[in-house]
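Engineer: To be precise about what I am sending: the file is called work.cif and holds mmCIF, C-alpha atoms.
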data_my_file
loop_
_atom_site.label_atom_id
_atom_site.label_comp_id
_atom_site.auth_asym_id
_atom_site.auth_seq_id
_atom_site.Cartn_x
_atom_site.Cartn_y
_atom_site.Cartn_z
CA MET A 162 92.60 108.82 78.29
CA ASN A 163 89.22 108.88 76.62
CA ALA A 164 87.22 111.96 75.71
CA THR A 165 85.36 112.04 79.03
CA ALA A 166 88.43 111.87 81.24
CA PRO A 167 89.78 115.26 82.23
CA ALA A 168 93.50 115.67 81.76
CA ILE A 169 96.31 117.71 83.26
CA ASN A 170 96.56 119.99 80.27
CA PRO A 171 96.86 123.63 81.34
CA CYS A 172 97.60 126.55 79.03
CA TRP A 173 101.25 126.31 78.01
CA GLN A 174 102.30 129.51 79.76
CA MET A 175 100.67 128.35 83.00
CA ARG A 176 102.27 124.91 83.26
CA ARG A 177 104.66 125.68 86.10
CA LEU A 178 102.26 128.00 87.84
CA VAL A 179 99.39 125.52 88.08
CA HIS A 180 101.71 123.01 89.72
CA ARG A 181 102.89 125.63 92.20
CA LEU A 182 99.32 126.76 92.88
CA ALA A 183 98.31 123.16 93.57
CA GLU A 184 101.32 122.73 95.87
CA GLY A 185 100.46 125.93 97.71
CA SER A 186 103.91 127.38 97.07
CA LEU A 187 102.83 130.57 95.28
CA ALA A 188 102.68 133.97 96.95
CA GLY A 189 102.27 137.63 96.09
CA ILE A 190 101.58 138.80 92.57
CA LEU A 191 102.16 135.34 91.07
CA LEU A 192 99.50 133.90 93.35
CA LYS A 193 97.05 136.65 92.37
CA TYR A 194 97.81 136.29 88.65
CA THR A 195 97.50 132.50 88.69
CA THR A 196 94.35 132.49 90.80
CA TYR A 197 92.72 135.00 88.45
CA HIS A 198 93.68 133.00 85.37
CA VAL A 199 92.52 129.70 86.85
CA LYS A 200 89.22 131.23 87.87
CA HIS A 201 88.50 132.10 84.25
CA CYS A 202 90.11 129.17 82.45
CA THR A 203 88.42 125.77 82.49
CA ARG A 204 91.52 123.84 81.39
CA CYS A 205 93.76 125.30 84.07
CA ARG A 206 91.09 125.03 86.75
CA GLN A 207 90.66 121.35 85.91
CA ALA A 208 94.41 120.84 86.00
CA VAL A 209 94.69 122.45 89.43
CA GLU A 210 91.85 120.34 90.82
CA ILE A 211 93.41 117.15 89.51
CA LEU A 212 96.85 118.08 90.79
CA ARG A 213 95.52 118.95 94.23
CA ALA A 214 93.70 115.61 94.42
CA THR A 215 96.79 113.73 93.25
CA LEU A 216 99.07 115.50 95.74
CA ALA A 217 96.62 115.00 98.61
CA ARG A 218 96.45 111.29 97.82
CA LEU A 219 100.23 110.95 97.64
CA LYS A 220 100.64 112.74 100.98
CA ARG A 221 98.46 110.10 102.61
CA LEU A 222 101.19 107.55 101.88
CA LYS A 223 103.22 109.36 104.55
CA GLU A 224 100.70 108.36 107.21
CA LYS A 225 102.43 105.00 107.42
CA ALA A 226 105.21 105.07 110.01
CA PRO A 227 107.25 101.92 109.43
CA GLU A 228 110.01 101.01 111.88
CA LEU A 229 113.08 98.85 111.52
CA PRO A 230 112.78 95.53 113.36
CA GLU A 231 114.85 95.31 116.55
CA ASP A 232 117.16 92.66 115.06
CA ARG A 233 118.09 95.20 112.39
CA TRP A 234 118.89 97.74 115.08
CA ALA A 235 121.06 95.18 116.82
CA SER A 236 123.02 94.61 113.59
CA ILE A 237 123.35 98.34 113.00
CA GLU A 238 124.61 99.03 116.51
CA ALA A 239 127.07 96.14 116.23
CA ALA A 240 128.36 97.65 112.98
CA TRP A 241 128.75 101.04 114.67
CA MET A 242 130.78 99.52 117.50
CA GLU A 243 132.89 97.51 115.07
CA HIS A 244 133.67 100.68 113.19
CA GLU A 245 134.69 102.40 116.44
CA GLN A 246 137.18 99.57 117.05
CA THR A 247 138.60 99.27 113.54
CA ASP A 248 138.68 102.91 112.56
CA PRO A 249 138.41 105.11 115.65
CA PRO A 250 138.07 108.85 115.06
CA GLU A 251 141.23 110.89 115.66
CA MET B 100 135.48 136.42 142.89
CA GLU B 101 134.41 134.57 139.81
CA SER B 102 130.74 133.85 139.34
CA ILE B 103 129.43 130.40 138.47
CA LEU B 104 128.64 131.71 135.00
CA THR B 105 132.25 132.79 134.43
CA LEU B 106 133.54 129.44 135.65
CA ALA B 107 131.21 127.61 133.31
CA TRP B 108 132.27 129.89 130.46
CA ASN B 109 135.94 129.23 131.07
CA GLU B 110 135.58 125.49 131.42
CA PRO B 111 136.94 123.79 128.31
CA LYS B 112 134.24 122.01 126.31
CA ARG B 113 134.53 118.29 126.86
CA GLU B 114 134.60 116.12 123.76
CA PRO B 115 131.77 113.57 124.01
CA SER B 116 132.89 109.98 124.39
CA LEU B 117 132.34 107.45 121.61
CA ALA B 118 129.50 105.89 123.59
CA GLU B 119 127.84 109.30 123.92
CA LYS B 120 128.27 110.00 120.21
CA ARG B 121 126.82 106.59 119.37
CA GLN B 122 123.87 107.22 121.64
CA ARG B 123 123.26 110.65 120.09
CA PHE B 124 123.46 109.28 116.55
CA GLY B 125 121.15 106.43 117.56
CA GLU B 126 118.57 108.97 118.68
CA ILE B 127 118.80 110.82 115.37
CA ALA B 128 118.57 107.55 113.42
CA ARG B 129 115.51 106.32 115.31
CA GLN B 130 113.85 109.71 114.97
CA HIS B 131 114.10 109.54 111.17
CA GLN B 132 113.72 105.79 110.61
CA SER B 133 110.16 106.03 109.25
CA THR B 134 111.14 108.63 106.68
CA LEU B 135 114.16 106.59 105.65
CA LEU B 136 112.13 103.40 105.34
CA ARG B 137 109.40 105.07 103.28
CA VAL B 138 111.95 106.64 100.96
CA ALA B 139 113.88 103.37 100.64
CA ARG B 140 110.68 101.45 99.98
CA GLY B 141 109.82 103.96 97.26
CA TYR B 142 113.24 103.50 95.68
CA ALA B 143 113.03 99.72 96.10
CA LYS B 144 109.63 99.52 94.41
CA GLY B 145 107.88 98.27 97.52
CA ASN B 146 110.38 95.55 98.43
CA ASP B 147 110.53 95.75 102.24
CA ALA B 148 113.60 93.52 102.74
CA LEU B 149 115.66 95.50 100.26
CA ALA B 150 114.41 98.76 101.76
CA GLN B 151 115.59 97.62 105.20
CA ASP B 152 118.98 96.62 103.74
CA LEU B 153 119.30 100.05 102.21
CA VAL B 154 118.38 101.85 105.45
CA GLN B 155 120.75 99.65 107.46
CA ASP B 156 123.66 100.41 105.12
CA ALA B 157 122.76 104.11 105.12
CA LEU B 158 122.80 104.26 108.92
CA VAL B 159 126.13 102.46 109.10
CA ASN B 160 127.66 104.83 106.53
CA GLY B 161 125.96 107.75 108.25
CA TYR B 162 127.57 106.90 111.58
CA LYS B 163 131.01 106.77 109.99
CA SER B 164 130.40 110.20 108.51
CA TYR B 165 128.98 111.44 111.84
CA LEU B 166 132.19 110.43 113.64
CA ASP B 167 134.20 112.24 110.98
CA ASN B 168 132.16 115.38 111.68
CA GLY B 169 130.22 114.99 108.42
CA PHE B 170 127.13 116.18 110.23
CA GLN B 171 126.67 118.96 112.76
CA ASP B 172 123.90 118.85 115.34
CA GLY B 173 121.26 121.44 114.58
CA THR B 174 121.41 121.08 110.80
CA ASN B 175 118.88 119.16 108.71
CA ALA B 176 119.47 115.57 109.79
CA LYS B 177 116.61 114.19 107.72
CA ALA B 178 117.91 115.63 104.44
CA TRP B 179 121.45 114.54 105.32
CA LEU B 180 120.42 110.93 106.01
CA VAL B 181 118.16 110.80 102.94
CA ARG B 182 121.07 112.01 100.85
CA ILE B 183 123.31 109.22 102.16
CA LEU B 184 120.56 106.69 101.43
CA THR B 185 119.97 108.11 97.95
CA ASN B 186 123.67 108.01 97.08
CA LEU B 187 123.82 104.39 98.20
CA PHE B 188 120.86 103.56 96.02
CA LEU B 189 122.25 105.37 93.00
CA ASN B 190 125.84 104.18 93.34
CA ASP B 191 125.50 100.69 94.62
CA TYR B 192 122.13 99.00 94.76
CA ARG B 193 120.85 99.98 91.37
CA ARG B 194 124.17 99.10 89.77
CA ARG B 195 123.86 95.61 91.15
CA LYS B 196 120.31 95.45 89.79
CA LYS B 197 118.90 94.21 93.04
CA TRP B 198 115.78 96.17 92.45
CA ASP B 199 114.07 94.33 89.65
CA ALA B 200 111.64 91.81 90.76
CA ASN B 201 109.21 91.85 93.51
CA GLN B 202 106.01 93.25 92.10
CA ASP B 203 104.17 91.61 94.94
CA ILE B 204 102.04 94.63 95.70
CA GLU B 205 98.51 93.47 95.36
CA GLU B 206 96.38 95.15 92.79
CA GLY B 207 92.69 94.98 92.40
CA ALA B 208 89.61 94.10 94.43
CA ASP B 209 90.02 97.17 96.54
CA ILE B 210 87.94 99.81 94.81
CA PRO B 211 84.24 99.66 95.48
CA ALA B 212 82.33 99.29 92.24
CA SER B 213 80.33 102.32 91.25
CA THR B 214 77.79 102.83 88.52
CA SER B 215 77.43 106.57 88.87
CA TYR B 216 79.80 109.02 87.25
CA GLU B 217 82.27 110.83 89.46
CA PRO B 218 84.91 113.28 88.39
CA ASP B 219 88.06 111.29 87.73
CA HIS B 220 90.11 113.10 90.32
CA ALA B 221 87.59 112.11 93.02
CA ILE B 222 88.39 108.49 92.20
CA LEU B 223 91.86 108.98 93.64
CA GLU B 224 90.37 109.18 97.10
CA GLN B 225 88.94 105.70 96.72
CA ILE B 226 92.09 104.01 95.50
CA LEU B 227 94.00 102.25 98.25
CA ASP B 228 97.72 102.47 98.85
CA GLY B 229 98.61 99.27 96.96
CA PRO B 230 97.56 100.45 93.49
CA ILE B 231 99.02 103.92 94.16
CA GLU B 232 102.36 102.32 95.04
CA ALA B 233 102.14 100.07 92.00
CA ALA B 234 101.60 103.14 89.80
CA LEU B 235 104.59 104.81 91.47
CA ASN B 236 106.68 101.75 90.72
CA ARG B 237 105.88 102.05 87.04
CA LEU B 238 107.43 105.53 86.89
CA PRO B 239 111.01 105.89 85.66
CA ASP B 240 113.48 105.84 88.60
CA HIS B 241 114.34 109.53 88.48
CA GLN B 242 110.67 110.56 88.46
CA ARG B 243 109.76 108.11 91.24
CA MET B 244 112.59 109.45 93.40
CA CYS B 245 111.39 113.04 92.95
CA VAL B 246 107.81 112.14 93.86
CA THR B 247 109.00 110.16 96.89
CA LEU B 248 111.11 113.02 98.21
CA VAL B 249 108.90 116.03 97.41
CA ASP B 250 105.29 114.91 97.09
CA ILE B 251 105.29 112.16 99.72
CA GLU B 252 107.99 113.18 102.20
CA GLY B 253 107.45 116.91 101.79
CA LEU B 254 111.10 117.89 101.26
CA ASP B 255 111.46 121.24 99.56
CA TYR B 256 112.75 121.53 96.01
CA ALA B 257 116.17 122.78 97.11
CA ASP B 258 116.76 119.80 99.42
CA ALA B 259 115.56 117.37 96.75
CA ALA B 260 117.87 118.99 94.20
CA THR B 261 120.82 118.66 96.60
CA ILE B 262 119.98 115.05 97.41
CA LEU B 263 119.55 114.07 93.76
CA ASP B 264 122.42 116.28 92.63
CA CYS B 265 120.49 118.09 89.91
CA PRO B 266 119.10 121.61 89.33
CA VAL B 267 115.80 122.68 90.91
CA GLY B 268 114.35 123.14 87.40
CA THR B 269 114.99 119.46 86.70
CA ILE B 270 113.11 118.51 89.86
CA ARG B 271 110.18 120.67 88.73
CA SER B 272 109.98 119.16 85.26
CA ARG B 273 110.37 115.58 86.55
CA LEU B 274 107.59 116.18 89.06
CA ALA B 275 105.29 117.65 86.41
CA ARG B 276 105.79 114.62 84.17
CA ALA B 277 105.48 112.18 87.06
CA ARG B 278 102.24 113.67 88.39
CA THR B 279 100.66 113.59 84.94
CA ALA B 280 101.76 110.01 84.35
CA LEU B 281 100.56 108.91 87.80
CA TYR B 282 97.17 110.50 87.37
CA GLU B 283 96.65 108.98 83.93
CA ASP B 284 97.82 105.58 85.17
CA LEU B 285 95.37 105.71 88.09
CA VAL B 286 92.48 106.82 85.90
CA GLU B 287 93.22 103.89 83.60
CA TYR B 288 93.24 101.64 86.65
CA GLY B 289 89.94 103.08 87.82
CA ARG B 290 88.45 102.58 84.37
CA ALA B 291 89.60 98.96 84.31
CA LYS B 292 87.85 98.47 87.64
CA GLY B 293 84.72 100.10 86.32
CA VAL B 294 84.76 103.17 88.51
CA VAL B 295 85.71 105.63 85.76
CA GLN B 296 83.49 105.97 82.73
#
For the structure just supplied, provide its representation as structure tokens.

Structural biologist:
Amino acid sequence: MNATAPAINPCWQMRRLVHRLAEGSLAGILLKYTTYHVKHCTRCRQAVEILRATLARLKRLKEKAPELPEDRWASIEAAWMEHEQTDPPE
Amino acid sequence: MESILTLAWNEPKREPSLAEKRQRFGEIARQHQSTLLRVARGYAKGNDALAQDLVQDALVNGYKSYLDNGFQDGTNAKAWLVRILTNLFLNDYRRRKKWDANQDIEEGADIPASTSYEPDHAILEQILDGPIEAALNRLPDHQRMCVTLVDIEGLDYADAATILDCPVGTIRSRLARARTALYEDLVEYGRAKGVVQ
């Protein structure tokens, strides 16, 4: 990273909290405390922004909905039936 | 005189036939196939054929467990199947080192060149899936698996900890390291492509 690139480098005591704030998993007093700190701390605010962007980008990978080809399903169902024959449940 | 409700109540519950059980498990498997394939692809570093092998083996093992009452309808089928798949990966596939290879994910030529400065984190929006997946593949296995389960698939920390058989705190620290490494890797990539100053 060069000098111009922001980094994920929050205050040491905020490390876990900035991740949880970015995930949206904080609530109650922890949410208030972290939000207040981040509002007044450039390093932590930058870290939260970067983490939110990174998490949002990763979530987009879930938009793909791959499916197994039908020949795979045929093999799987054949294996299921073979198992029923060779080792039937009691 | 007994009511219909009482008769239904007293009727012994019929055990489903094997064909009915197979059909029910098939429905569960097809419902979660996309999740399983994405997770397997993440574990297999983008190798589709190996990912399909892994999912196929997981569904065969899953059916055996299903018949042995290893899964109850109404519980978290996705987490249960992902756990079976993960155990297969950890115990079998990785041991056989089938997962090297195949860095055929294309990198490059997919970020529009920019001459103006943008905050580095905004660059992430412009990077296509290929380079993101390549950066994921460069993570250590245990970090990549955490990111795949929690940050991509949206499993909660407790499920991920159960699946990976480690404490929740370990999941948290692996995720923190992985996210930092991913971001830095992608900024480097963006800089190499001339979109990060």

Engineer: Take the PyMOL selection byres ((chain A and resi 215) around 10), run it mentally on this structure, and tell me the resulting residues as a ChimeraX atom specification.

Structural biologist: /A:183,209-214,216-220 /B:220-224,250,278-279,281-282,285

Engineer: So that I have them on file, write out the residues from the current selection with C-alpha atoms, as a compact mmCIF listing (two decimals), in the frame of the given file.

Structural biologist:
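So part-v4.txt came out as:
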# COMPACT_ATOMS: atom_id res chain seq x y z
CA ALA A 183 98.31 123.16 93.57
CA VAL A 209 94.69 122.45 89.43
CA GLU A 210 91.85 120.34 90.82
CA ILE A 211 93.41 117.15 89.51
CA LEU A 212 96.85 118.08 90.79
CA ARG A 213 95.52 118.95 94.23
CA ALA A 214 93.70 115.61 94.42
CA LEU A 216 99.07 115.50 95.74
CA ALA A 217 96.62 115.00 98.61
CA ARG A 218 96.45 111.29 97.82
CA LEU A 219 100.23 110.95 97.64
CA LYS A 220 100.64 112.74 100.98
CA HIS B 220 90.11 113.10 90.32
CA ALA B 221 87.59 112.11 93.02
CA ILE B 222 88.39 108.49 92.20
CA LEU B 223 91.86 108.98 93.64
CA GLU B 224 90.37 109.18 97.10
CA ASP B 250 105.29 114.91 97.09
CA ARG B 278 102.24 113.67 88.39
CA THR B 279 100.66 113.59 84.94
CA LEU B 281 100.56 108.91 87.80
CA TYR B 282 97.17 110.50 87.37
CA LEU B 285 95.37 105.71 88.09

Engineer: Let me make sure I understand: among B:Asp191, B:Glu287, B:Glu114, B:Asp172, which one has the smallest atom-to-atom distance to chain A if we use only C-alpha atoms?

Structural biologist: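 With only C-alpha atoms as the atom set, the closest residue is B:Glu287.
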
Engineer: Determine the nearest neighbour of chain B from the options A:Ala235, A:Leu222, A:Ala208, A:Leu182, counting all atoms listed in the file.

Structural biologist: A:Leu222

Engineer: For the atom pair atom CA of Ala275 of chain B and atom CA of Ala157 of chain B, what is the interatomic distance in Å to one decimal place?

Structural biologist: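 Atom CA of Ala157 of chain B lies 29.0 Å from atom CA of Ala275 of chain B.
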
Engineer: For the contact check between chain A and chain B, emit one row per residue of chain A within 9 Å, containing the shortest atom pair and the distance in Å rounded to one decimal, counting only C-alpha atoms, chain then rising number order, as JSON lines.

Structural biologist:
{"residue": "A:Met162", "atom": "CA", "partner": "B:Glu283", "partner_atom": "CA", "distance": 6.9}
{"residue": "A:Asn163", "atom": "CA", "partner": "B:Gln296", "partner_atom": "CA", "distance": 8.9}
{"residue": "A:Thr165", "atom": "CA", "partner": "B:Gln296", "partner_atom": "CA", "distance": 7.4}
{"residue": "A:Ala166", "atom": "CA", "partner": "B:Asp219", "partner_atom": "CA", "distance": 6.5}
{"residue": "A:Pro167", "atom": "CA", "partner": "B:Asp219", "partner_atom": "CA", "distance": 7.0}
{"residue": "A:Ala168", "atom": "CA", "partner": "B:Glu283", "partner_atom": "CA", "distance": 7.7}
{"residue": "A:Ile169", "atom": "CA", "partner": "B:Thr279", "partner_atom": "CA", "distance": 6.2}
{"residue": "A:Asn170", "atom": "CA", "partner": "B:Thr279", "partner_atom": "CA", "distance": 8.9}
{"residue": "A:Arg176", "atom": "CA", "partner": "B:Ala275", "partner_atom": "CA", "distance": 8.5}
{"residue": "A:Arg177", "atom": "CA", "partner": "B:Arg271", "partner_atom": "CA", "distance": 7.9}
{"residue": "A:His180", "atom": "CA", "partner": "B:Ala275", "partner_atom": "CA", "distance": 7.2}
{"residue": "A:Glu184", "atom": "CA", "partner": "B:Asp250", "partner_atom": "CA", "distance": 8.9}
{"residue": "A:Glu210", "atom": "CA", "partner": "B:His220", "partner_atom": "CA", "distance": 7.5}
{"residue": "A:Ile211", "atom": "CA", "partner": "B:His220", "partner_atom": "CA", "distance": 5.3}
{"residue": "A:Leu212", "atom": "CA", "partner": "B:Arg278", "partner_atom": "CA", "distance": 7.4}
{"residue": "A:Arg213", "atom": "CA", "partner": "B:His220", "partner_atom": "CA", "distance": 8.9}
{"residue": "A:Ala214", "atom": "CA", "partner": "B:His220", "partner_atom": "CA", "distance": 6.0}
{"residue": "A:Thr215", "atom": "CA", "partner": "B:Tyr282", "partner_atom": "CA", "distance": 6.7}
{"residue": "A:Leu216", "atom": "CA", "partner": "B:Asp250", "partner_atom": "CA", "distance": 6.4}
{"residue": "A:Ala217", "atom": "CA", "partner": "B:Glu224", "partner_atom": "CA", "distance": 8.7}
{"residue": "A:Arg218", "atom": "CA", "partner": "B:Glu224", "partner_atom": "CA", "distance": 6.5}
{"residue": "A:Leu219", "atom": "CA", "partner": "B:Ile251", "partner_atom": "CA", "distance": 5.6}
{"residue": "A:Lys220", "atom": "CA", "partner": "B:Ile251", "partner_atom": "CA", "distance": 4.9}
{"residue": "A:Arg221", "atom": "CA", "partner": "B:Ile251", "partner_atom": "CA", "distance": 7.7}
{"residue": "A:Leu222", "atom": "CA", "partner": "B:Ile251", "partner_atom": "CA", "distance": 6.5}
{"residue": "A:Lys223", "atom": "CA", "partner": "B:Ile251", "partner_atom": "CA", "distance": 6.0}
{"residue": "A:Lys225", "atom": "CA", "partner": "B:Ser133", "partner_atom": "CA", "distance": 8.0}
{"residue": "A:Ala226", "atom": "CA", "partner": "B:Ser133", "partner_atom": "CA", "distance": 5.1}
{"residue": "A:Pro227", "atom": "CA", "partner": "B:Ser133", "partner_atom": "CA", "distance": 5.0}
{"residue": "A:Glu228", "atom": "CA", "partner": "B:Ser133", "partner_atom": "CA", "distance": 5.7}
{"residue": "A:Leu229", "atom": "CA", "partner": "B:Gln151", "partner_atom": "CA", "distance": 6.9}
{"residue": "A:Pro230", "atom": "CA", "partner": "B:Gln151", "partner_atom": "CA", "distance": 8.9}
{"residue": "A:Arg233", "atom": "CA", "partner": "B:Gln155", "partner_atom": "CA", "distance": 7.2}
{"residue": "A:Trp234", "atom": "CA", "partner": "B:Gln155", "partner_atom": "CA", "distance": 8.1}
{"residue": "A:Ser236", "atom": "CA", "partner": "B:Gln155", "partner_atom": "CA", "distance": 8.3}
{"residue": "A:Ile237", "atom": "CA", "partner": "B:Gln155", "partner_atom": "CA", "distance": 6.3}
{"residue": "A:Glu238", "atom": "CA", "partner": "B:Gly125", "partner_atom": "CA", "distance": 8.2}
{"residue": "A:Ala240", "atom": "CA", "partner": "B:Val159", "partner_atom": "CA", "distance": 6.6}
{"residue": "A:Trp241", "atom": "CA", "partner": "B:Val159", "partner_atom": "CA", "distance": 6.3}
{"residue": "A:Met242", "atom": "CA", "partner": "B:Arg121", "partner_atom": "CA", "distance": 8.3}
{"residue": "A:His244", "atom": "CA", "partner": "B:Lys163", "partner_atom": "CA", "distance": 7.4}
{"residue": "A:Glu245", "atom": "CA", "partner": "B:Leu117", "partner_atom": "CA", "distance": 7.6}
{"residue": "A:Asp248", "atom": "CA", "partner": "B:Lys163", "partner_atom": "CA", "distance": 9.0}
{"residue": "A:Pro249", "atom": "CA", "partner": "B:Leu166", "partner_atom": "CA", "distance": 8.4}
{"residue": "A:Pro250", "atom": "CA", "partner": "B:Leu166", "partner_atom": "CA", "distance": 6.3}
{"residue": "A:Glu251", "atom": "CA", "partner": "B:Asp167", "partner_atom": "CA", "distance": 8.6}

Engineer: Between atom CA of Glu126 of chain B and atom CA of Tyr256 of chain B, measure the distance and give it in Å to one decimal.

Structural biologist: 26.6 Å

Engineer: If you measure from atom CA of Ile127 of chain B to atom CA of Leu180 of chain B, what distance in Å do you get, rounded to one decimal?

Structural biologist: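 Those two atoms sit 9.5 Å apart.
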
Engineer: I need the output of the PyMOL selection byres ((chain A and resi 188-195) around 12) for this file as a CSV table (one decimal) with C-alpha atoms, in the frame of the given file; which residues are they?

Structural biologist:
chain,number,residue,atom,x,y,z
A,171,PRO,CA,96.9,123.6,81.3
A,172,CYS,CA,97.6,126.6,79.0
A,174,GLN,CA,102.3,129.5,79.8
A,175,MET,CA,100.7,128.4,83.0
A,176,ARG,CA,102.3,124.9,83.3
A,177,ARG,CA,104.7,125.7,86.1
A,178,LEU,CA,102.3,128.0,87.8
A,179,VAL,CA,99.4,125.5,88.1
A,180,HIS,CA,101.7,123.0,89.7
A,181,ARG,CA,102.9,125.6,92.2
A,182,LEU,CA,99.3,126.8,92.9
A,183,ALA,CA,98.3,123.2,93.6
A,184,GLU,CA,101.3,122.7,95.9
A,185,GLY,CA,100.5,125.9,97.7
A,186,SER,CA,103.9,127.4,97.1
A,187,LEU,CA,102.8,130.6,95.3
A,196,THR,CA,94.4,132.5,90.8
A,197,TYR,CA,92.7,135.0,88.4
A,198,HIS,CA,93.7,133.0,85.4
A,199,VAL,CA,92.5,129.7,86.8
A,200,LYS,CA,89.2,131.2,87.9
A,201,HIS,CA,88.5,132.1,84.2
A,202,CYS,CA,90.1,129.2,82.4
A,205,CYS,CA,93.8,125.3,84.1
A,206,ARG,CA,91.1,125.0,86.8
A,209,VAL,CA,94.7,122.4,89.4

Engineer: Contacts of Ile270 of chain B at 8 Å or less, counting all atoms listed in the file, minus same-chain residues fewer than 5 places along, as number ranges by chain?

Structural biologist: B: 245, 256, 259-260, 265

Engineer: Go ahead and fit an axis-aligned box to every listed atom of segment 144-149 of chain B plus 5 Å each side, and pass me the centre and edge lengths in Å, one decimal, as AutoDock Vina command-line options.

Structural biologist:
--center_x 111.8 --center_y 96.5 --center_z 98.6 --size_x 17.8 --size_y 16.0 --size_z 18.3

Engineer: Go through B:Pro266, B:Leu254, B:Ala233, B:Arg243 and flag the residue nearest Val181 of chain B, using all atoms listed in the file for the distances.

Structural biologist: B:Leu254
